[in-house]
Amino acid sequence: MRLARLTQRKDFLAAAEHGRRFRSSAFTAQVLDKPAQDGLRLGLTASRKTGNAVVRNRIRRRLRAAAALALAEQTGKPCDLVIVARPETVNAAFATMVDDIAVALDRARPSGGKRRPDRRSPSRPAS
């Protein structure tokens, strides 16, 4: 089974800014509900903080495989799911990651209101 993928930066940013969050020991999941969408879309992020290119690719492969198992019955939910990896992801138990991803869609909570300031705010003087 292949999950639909998030590919555009604006979709990742929308999930980060307006989505609900679920934190586990190995990753953070950001869930953005989209009622007009057909089904679930998955996005994976592993920054350079998690390791070099080999480690980041291994993390993404593990997360993709865990998500395929965990979300097999939830593909009809109309939402975007972004999984942000942590350095602990590479050594985390696979079964734990599968379980955490499976409950992430239901247990994600609204973000604490910490919004990033808009860089294009009109109060900023033009140079």
# chains A, B, ... in the order shown; residues from 1 in each chain; ligands from 1
$ closest_atom_pairs --of "segment 35-57 of chain A" --to "segment 94-114 of chain A" --cutoff "12 Å" --atoms "only C-alpha atoms" --output "Markdown table"
| residue | atom | partner | partner_atom | distance |
| --- | --- | --- | --- | --- |
| A:Leu40 | CA | A:Leu105 | CA | 10.2 |
| A:Arg41 | CA | A:Leu105 | CA | 11.8 |
| A:Leu42 | CA | A:Ile101 | CA | 11.2 |
$ residues_around --residues "Ala14 of chain A" --least-positions-apart "6" --cutoff "12 Å" --atoms "only C-alpha atoms" --output "VMD selection string"
chain A and resid 6 8 20 30 to 34 43 79 to 82 115 to 116
$ write_last_selection --atoms "N, CA, C and O atoms" --output "compact mmCIF listing (two decimals), in the first residue's frame"
# COMPACT_ATOMS: atom_id res chain seq x y z
N LEU A 6 2.82 14.33 0.79
CA LEU A 6 2.92 15.78 0.75
C LEU A 6 4.23 16.11 0.04
O LEU A 6 5.27 15.56 0.39
N GLN A 8 4.75 19.65 -1.39
CA GLN A 8 5.00 21.08 -1.48
C GLN A 8 5.24 21.69 -0.12
O GLN A 8 4.58 21.34 0.87
N ARG A 20 -2.68 20.28 14.57
CA ARG A 20 -2.62 19.77 15.93
C ARG A 20 -1.34 18.97 16.08
O ARG A 20 -0.81 18.47 15.09
N GLN A 30 2.35 16.29 13.21
CA GLN A 30 1.50 17.47 13.04
C GLN A 30 0.35 17.06 12.14
O GLN A 30 0.56 16.57 11.03
N VAL A 31 -0.87 17.25 12.63
CA VAL A 31 -2.06 16.80 11.91
C VAL A 31 -2.91 18.01 11.54
O VAL A 31 -3.30 18.79 12.41
N LEU A 32 -3.17 18.18 10.26
CA LEU A 32 -4.01 19.27 9.79
C LEU A 32 -5.24 18.66 9.13
O LEU A 32 -5.14 17.96 8.12
N ASP A 33 -6.41 18.89 9.72
CA ASP A 33 -7.67 18.37 9.18
C ASP A 33 -8.05 19.15 7.93
O ASP A 33 -7.99 20.38 7.92
N LYS A 34 -8.45 18.44 6.88
CA LYS A 34 -8.86 19.05 5.62
C LYS A 34 -10.13 18.37 5.13
O LYS A 34 -10.07 17.39 4.40
N GLY A 43 3.59 13.39 5.06
CA GLY A 43 4.84 14.10 4.79
C GLY A 43 5.86 13.74 5.85
O GLY A 43 5.52 13.62 7.03
N CYS A 79 -7.08 14.33 6.06
CA CYS A 79 -6.14 15.19 6.78
C CYS A 79 -4.74 15.03 6.20
O CYS A 79 -4.47 14.13 5.41
N ASP A 80 -3.87 15.97 6.58
CA ASP A 80 -2.45 15.90 6.26
C ASP A 80 -1.71 15.54 7.53
O ASP A 80 -1.97 16.12 8.59
N LEU A 81 -0.79 14.60 7.45
CA LEU A 81 0.01 14.18 8.59
C LEU A 81 1.47 14.41 8.25
O LEU A 81 1.99 13.85 7.28
N VAL A 82 2.12 15.27 9.02
CA VAL A 82 3.55 15.53 8.85
C VAL A 82 4.27 14.95 10.06
O VAL A 82 3.92 15.26 11.20
N ARG A 115 2.38 31.07 17.78
CA ARG A 115 2.44 31.32 16.35
C ARG A 115 3.72 32.08 16.03
O ARG A 115 4.12 32.98 16.75
N ARG A 116 4.31 31.75 14.92
CA ARG A 116 5.48 32.49 14.47
C ARG A 116 5.03 33.85 13.95
O ARG A 116 3.99 33.94 13.30
$ closest_residue --among "A:Pro78, A:Gly51, A:Pro35, A:Gly19" --to "Val90 of chain A" --atoms "only C-alpha atoms"
A:Gly51
$ select_by_dssp --residues "chain A" --states "strand (DSSP E or B)" --output "number ranges by chain"
A: 4-5, 20-23, 27-33, 41-45, 79-85, 109-110
$ decode --residues "segment 96-109 of chain A" --atoms "all heavy atoms" --output "CSV table (one decimal), in the first residue's frame"
chain,number,residue,atom,x,y,z
A,96,THR,N,7.2,0.4,18.6
A,96,THR,CA,6.7,1.6,19.3
A,96,THR,C,6.4,2.7,18.4
A,96,THR,O,5.4,3.4,18.6
A,96,THR,CB,7.8,2.1,20.3
A,96,THR,OG1,8.2,1.0,21.2
A,96,THR,CG2,7.4,3.3,21.1
A,97,MET,N,7.2,2.9,17.3
A,97,MET,CA,6.9,3.9,16.3
A,97,MET,C,5.6,3.6,15.6
A,97,MET,O,4.8,4.5,15.4
A,97,MET,CB,8.0,4.0,15.3
A,97,MET,CG,9.2,4.6,15.8
A,97,MET,SD,10.5,5.1,14.6
A,97,MET,CE,10.5,3.8,13.4
A,98,VAL,N,5.3,2.3,15.3
A,98,VAL,CA,4.0,2.0,14.6
A,98,VAL,C,2.9,2.3,15.5
A,98,VAL,O,1.9,2.9,15.1
A,98,VAL,CB,4.0,0.5,14.2
A,98,VAL,CG1,2.7,0.0,13.8
A,98,VAL,CG2,5.1,0.2,13.2
A,99,ASP,N,3.0,2.0,16.8
A,99,ASP,CA,1.9,2.3,17.8
A,99,ASP,C,1.7,3.8,17.9
A,99,ASP,O,0.6,4.2,18.0
A,99,ASP,CB,2.2,1.7,19.1
A,99,ASP,CG,2.2,0.1,19.1
A,99,ASP,OD1,1.6,-0.4,18.2
A,99,ASP,OD2,2.8,-0.5,20.0
A,100,ASP,N,2.8,4.5,18.0
A,100,ASP,CA,2.7,6.0,18.2
A,100,ASP,C,2.0,6.7,17.0
A,100,ASP,O,1.2,7.6,17.1
A,100,ASP,CB,4.0,6.6,18.5
A,100,ASP,CG,4.5,6.3,19.9
A,100,ASP,OD1,3.7,5.9,20.7
A,100,ASP,OD2,5.7,6.5,20.2
A,101,ILE,N,2.4,6.2,15.8
A,101,ILE,CA,1.8,6.8,14.6
A,101,ILE,C,0.3,6.4,14.5
A,101,ILE,O,-0.5,7.3,14.1
A,101,ILE,CB,2.6,6.3,13.3
A,101,ILE,CG1,4.0,6.9,13.3
A,101,ILE,CG2,1.8,6.7,12.0
A,101,ILE,CD1,4.9,6.3,12.2
A,102,ALA,N,0.0,5.2,14.9
A,102,ALA,CA,-1.4,4.8,14.8
A,102,ALA,C,-2.3,5.7,15.7
A,102,ALA,O,-3.5,6.0,15.3
A,102,ALA,CB,-1.6,3.3,15.2
A,103,VAL,N,-1.8,6.1,16.8
A,103,VAL,CA,-2.7,6.9,17.7
A,103,VAL,C,-2.5,8.4,17.5
A,103,VAL,O,-3.2,9.2,18.1
A,103,VAL,CB,-2.4,6.6,19.2
A,103,VAL,CG1,-2.7,5.2,19.5
A,103,VAL,CG2,-1.0,7.0,19.6
A,104,ALA,N,-1.5,8.8,16.7
A,104,ALA,CA,-1.2,10.3,16.5
A,104,ALA,C,-2.4,11.0,15.9
A,104,ALA,O,-2.6,12.2,16.4
A,104,ALA,CB,0.0,10.4,15.6
A,105,LEU,N,-3.1,10.5,15.0
A,105,LEU,CA,-4.2,11.2,14.4
A,105,LEU,C,-5.3,11.5,15.4
A,105,LEU,O,-6.0,12.6,15.3
A,105,LEU,CB,-4.8,10.4,13.2
A,105,LEU,CG,-3.9,10.2,12.0
A,105,LEU,CD1,-4.7,9.4,11.0
A,105,LEU,CD2,-3.6,11.6,11.4
A,106,ASP,N,-5.6,10.6,16.3
A,106,ASP,CA,-6.7,10.8,17.3
A,106,ASP,C,-6.3,11.6,18.5
A,106,ASP,O,-7.0,12.4,19.0
A,106,ASP,CB,-7.2,9.4,17.7
A,106,ASP,CG,-7.8,8.7,16.6
A,106,ASP,OD1,-8.4,9.3,15.7
A,106,ASP,OD2,-7.7,7.4,16.5
A,107,ARG,N,-5.0,11.4,18.9
A,107,ARG,CA,-4.6,12.1,20.2
A,107,ARG,C,-3.9,13.5,19.9
A,107,ARG,O,-3.5,14.1,20.9
A,107,ARG,CB,-3.6,11.2,20.9
A,107,ARG,CG,-4.2,10.0,21.5
A,107,ARG,CD,-3.3,9.3,22.4
A,107,ARG,NE,-3.8,8.1,22.9
A,107,ARG,CZ,-3.1,7.1,23.5
A,107,ARG,NH1,-1.9,7.3,23.7
A,107,ARG,NH2,-3.7,6.0,23.9
A,108,ALA,N,-3.7,13.9,18.7
A,108,ALA,CA,-3.1,15.2,18.5
A,108,ALA,C,-3.9,16.3,19.0
A,108,ALA,O,-5.1,16.3,18.9
A,108,ALA,CB,-2.9,15.4,17.0
A,109,ARG,N,-3.3,17.2,19.7
A,109,ARG,CA,-3.9,18.3,20.4
A,109,ARG,C,-3.6,19.6,19.7
A,109,ARG,O,-2.6,19.7,19.1
A,109,ARG,CB,-3.5,18.4,21.8
A,109,ARG,CG,-3.9,17.1,22.6
A,109,ARG,CD,-4.2,17.5,24.0
A,109,ARG,NE,-5.0,16.5,24.6
A,109,ARG,CZ,-4.5,15.5,25.3
A,109,ARG,NH1,-3.3,15.4,25.5
A,109,ARG,NH2,-5.4,14.6,25.9
